[in-house]
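Text of the file data_13.txt, holding compact mmCIF, C-alpha atoms:
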# COMPACT_ATOMS: atom_id res chain seq x y z
CA MET A 1 0.00 0.00 0.00
CA ASN A 2 1.25 3.48 -0.86
CA ALA A 3 0.03 6.78 0.56
CA GLN A 4 0.82 10.48 0.31
CA LEU A 5 -0.01 12.80 3.17
CA ASN A 6 0.17 16.51 3.85
CA ILE A 7 0.10 17.38 7.54
CA ALA A 8 0.91 20.45 9.60
CA VAL A 9 3.60 20.72 12.25
CA GLY A 10 2.05 19.43 15.49
CA GLU A 11 -0.67 17.47 13.69
CA VAL A 12 -1.12 13.70 14.09
CA HIS A 13 -2.49 11.49 11.31
CA LEU A 14 -3.79 7.97 12.01
CA ILE A 15 -3.51 5.10 9.54
CA PRO A 16 -5.33 1.84 10.35
CA LEU A 17 -3.24 -1.29 9.76
CA SER A 18 -4.55 -4.84 9.38
CA ASN A 19 -3.33 -7.23 12.04
CA ASN A 20 -4.16 -10.52 13.78
CA ALA A 21 -2.27 -11.12 17.01
CA GLY A 22 -2.36 -14.91 16.78
CA THR A 23 -0.18 -15.05 13.66
CA GLY A 24 2.98 -13.67 15.28
CA PHE A 25 3.20 -10.79 12.80
CA SER A 26 3.54 -7.21 13.99
CA TRP A 27 4.05 -3.85 12.31
CA VAL A 28 7.42 -2.12 12.72
CA VAL A 29 8.89 1.14 11.44
CA ALA A 30 11.58 0.25 8.90
CA GLU A 31 12.30 3.81 7.63
CA ASN A 32 11.48 7.29 8.89
CA ASN A 33 13.10 10.73 8.92
CA ALA A 34 12.93 11.26 12.69
CA GLN A 35 13.68 14.99 12.34
CA ILE A 36 10.51 15.51 10.28
CA THR A 37 8.04 12.90 11.58
CA ARG A 38 7.54 10.69 14.61
CA VAL A 39 5.92 7.33 13.88
CA THR A 40 4.47 5.06 16.55
CA ILE A 41 2.49 1.83 16.23
CA ASP A 42 -0.35 1.36 18.74
CA THR A 43 -2.27 -1.88 19.28
CA GLU A 44 -5.42 -2.49 21.31
CA PRO A 45 -8.15 -5.16 21.39
CA ALA A 46 -10.47 -4.88 18.37
CA THR A 47 -13.52 -4.98 20.63
CA GLY A 48 -12.85 -1.50 22.00
CA GLY A 49 -12.08 -1.41 25.69
CA GLY A 50 -12.72 -5.10 26.50
CA ALA A 51 -10.22 -7.69 27.56
CA ARG A 52 -7.77 -8.89 24.93
CA VAL A 53 -8.52 -12.41 23.71
CA LEU A 54 -5.32 -14.41 23.35
CA GLY A 55 -4.66 -14.81 19.61
CA GLY A 56 -7.71 -12.73 18.73
CA PRO A 57 -8.04 -9.76 16.41
CA VAL A 58 -6.44 -6.48 17.41
CA LYS A 59 -6.80 -2.91 16.19
CA THR A 60 -3.46 -1.51 15.06
CA MET A 61 -2.89 2.15 14.18
CA ALA A 62 0.15 3.98 12.86
CA ARG A 63 0.36 7.47 14.37
CA ILE A 64 2.35 9.92 12.27
CA ALA A 65 3.14 13.24 13.94
CA GLY A 66 4.58 16.24 12.10
CA LEU A 67 7.61 17.60 13.98
CA GLN A 68 9.04 20.19 11.58
CA ALA A 69 8.57 21.29 7.97
CA GLY A 70 10.01 18.94 5.35
CA VAL A 71 9.41 15.63 3.59
CA SER A 72 9.68 12.23 5.26
CA GLY A 73 9.65 8.85 3.55
CA ILE A 74 8.09 6.30 5.87
CA LYS A 75 8.19 2.54 5.42
CA LEU A 76 6.22 0.23 7.72
CA VAL A 77 6.57 -3.52 7.42
CA GLN A 78 4.54 -6.35 8.90
CA ARG A 79 6.80 -9.21 9.92
CA ARG A 80 7.64 -11.72 12.56
CA ILE A 81 10.44 -10.09 14.53
CA TRP A 82 12.23 -13.40 15.01
CA GLU A 83 12.40 -13.91 11.20
CA PRO A 84 14.28 -10.80 9.99
CA GLU A 85 15.64 -12.61 6.90
CA GLN A 86 12.12 -13.40 5.63
CA PRO A 87 10.34 -10.90 3.37
CA PRO A 88 7.61 -8.90 5.09
CA LEU A 89 4.01 -10.10 4.90
CA ASP A 90 2.87 -6.55 4.06
CA THR A 91 4.50 -3.16 3.45
CA LEU A 92 3.17 0.39 3.67
CA LEU A 93 5.11 3.18 1.96
CA CYS A 94 4.11 6.71 2.81
CA SER A 95 5.47 10.06 1.65
CA VAL A 96 4.62 12.72 4.23
CA THR A 97 4.98 16.43 3.56
CA VAL A 98 4.96 18.42 6.80
CA ILE A 99 4.25 22.12 6.47
CA LYS A 100 4.01 24.99 8.91
CA LYS A 101 0.52 25.44 10.33
CA GLU A 102 0.29 28.98 8.89
CA GLU A 103 0.91 27.63 5.37
CA MET A 104 -1.74 24.93 5.87
CA LEU A 105 -4.31 27.61 6.79
CA GLY A 106 -3.37 29.71 3.79
CA ALA A 107 -2.05 32.64 5.82
How does the structure come out when it is put into structure tokens?
Amino acid sequence: MNAQLNIAVGEVHLIPLSNNAGTGFSWVVAENNAQITRVTIDTEPATGGGARVLGGPVKTMARIAGLQAGVSGIKLVQRRIWEPEQPPLDTLLCSVTVIKKEEMLGA
């Protein structure tokens, strides 16, 4: 999957990621320009606030925060962390342009 985003400095954009906890696969940040964007992967039970079912579905979100103006190439991969030599199950490539808030508002 490929995506292009424009976000303002200080803004956070959420990208839902498919995931099933029982398979052993998890999403990791493979590439990111940490001066321009901060990327975190958050996982919670798919049922909302209920108890996590062992091996059950989970809701996974990539949170991309704009830190300063510029362009960041982000690559997220879904893999089993104990199999780094294996190709990823899935890959998300994202080009993020971060602009100053004033420019986003057209000032």
Legend entry - Residue nearest Lys100 (chain A) among A:Leu67, A:Phe25, A:Gly73, A:Asn32 (counting only C-alpha atoms):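 Closest to Lys100 (chain A), using only C-alpha atoms: A:Leu67.
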Inset, instruction - Could you tell me which of A:Ile81, A:Leu92, A:Ile99, A:Ile15 comes closest to Gln68 (chain A) if we count all atoms listed in the file? - result: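 So, comparing all the options, the nearest one is A:Ile99.
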Inset, instruction - Tell me, as a count of residues only, which residues lie within 7 Å of Pro16 (chain A), counting all atoms listed in the file; anything in the same chain fewer than 3 positions away does not count. - result: 3
Legend entry - Between CA of Leu89 (chain A) and CA of Ala65 (chain A), distance in Å (one decimal):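 Pair CA of Leu89 (chain A) / CA of Ala65 (chain A) returns 25.0 Å.
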Legend entry - Pick from A:Ala8, A:Ile36, A:Val28, A:Ala3 nearest to Cys94 (chain A), counting all atoms listed in the file: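 When distances to Cys94 (chain A) are compared using all atoms listed in the file, the smallest one comes from A:Ala3.
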Inset, instruction - For CA of Gly10 (chain A) and CA of Gln35 (chain A), quote the distance in Å rounded to one decimal. - result: 12.8 Å
Inset, instruction - Work out how far apart CA of Ile7 (chain A) and CA of Asn20 (chain A) are and give it in Å to one decimal. - result: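 That distance, rounded to one decimal, is 28.9 Å.
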Legend entry - Nearest-residue call for Lys59 (chain A), choices A:Glu44, A:Glu11, A:Asp90, A:Glu102, using only C-alpha atoms: A:Glu44
Give me the residues within 10 Å of region 77-79 of chain A as a PDB file with C-alpha atoms, in the frame of the given file, counting only C-alpha atoms and dropping any in the same chain fewer than 6 places off.
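Resulting contents of part-v9.pdb:
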ATOM      1  CA  LEU A  17      -3.240  -1.290   9.760  1.00  0.00           C
ATOM      2  CA  SER A  18      -4.550  -4.840   9.380  1.00  0.00           C
ATOM      3  CA  ASN A  19      -3.330  -7.230  12.040  1.00  0.00           C
ATOM      4  CA  THR A  23      -0.180 -15.050  13.660  1.00  0.00           C
ATOM      5  CA  GLY A  24       2.980 -13.670  15.280  1.00  0.00           C
ATOM      6  CA  PHE A  25       3.200 -10.790  12.800  1.00  0.00           C
ATOM      7  CA  SER A  26       3.540  -7.210  13.990  1.00  0.00           C
ATOM      8  CA  TRP A  27       4.050  -3.850  12.310  1.00  0.00           C
ATOM      9  CA  VAL A  28       7.420  -2.120  12.720  1.00  0.00           C
ATOM     10  CA  VAL A  29       8.890   1.140  11.440  1.00  0.00           C
ATOM     11  CA  ALA A  30      11.580   0.250   8.900  1.00  0.00           C
ATOM     12  CA  GLU A  31      12.300   3.810   7.630  1.00  0.00           C
ATOM     13  CA  GLU A  85      15.640 -12.610   6.900  1.00  0.00           C
ATOM     14  CA  GLN A  86      12.120 -13.400   5.630  1.00  0.00           C
ATOM     15  CA  PRO A  87      10.340 -10.900   3.370  1.00  0.00           C
ATOM     16  CA  PRO A  88       7.610  -8.900   5.090  1.00  0.00           C
ATOM     17  CA  LEU A  89       4.010 -10.100   4.900  1.00  0.00           C
ATOM     18  CA  ASP A  90       2.870  -6.550   4.060  1.00  0.00           C
ATOM     19  CA  THR A  91       4.500  -3.160   3.450  1.00  0.00           C
ATOM     20  CA  LEU A  92       3.170   0.390   3.670  1.00  0.00           C
ATOM     21  CA  LEU A  93       5.110   3.180   1.960  1.00  0.00           C
TER      22      LEU A  93
END
Box for region 82-95 of chain A: with edges along x, y and z, all listed atoms inside and 5 Å added on each side, what are the centre and edge lengths in Å to one decimal, as lines of an AutoDock Vina configuration file?
center_x = 9.3
center_y = -1.9
center_z = 8.3
size_x = 22.8
size_y = 34.0
size_z = 23.4
Inset, instruction - Kindly indicate which residue among A:Val71, A:Ile64, A:Val9, A:Val58 lies nearest to Lys101 (chain A), using all atoms listed in the file for the distances. - result: A:Val9
Legend entry - Nearest-residue call for Ser72 (chain A), choices A:Glu103, A:Val96, A:Thr40, A:Gln4, using all atoms listed in the file: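 Counting all atoms listed in the file, the residue closest to Ser72 (chain A) is A:Val96.
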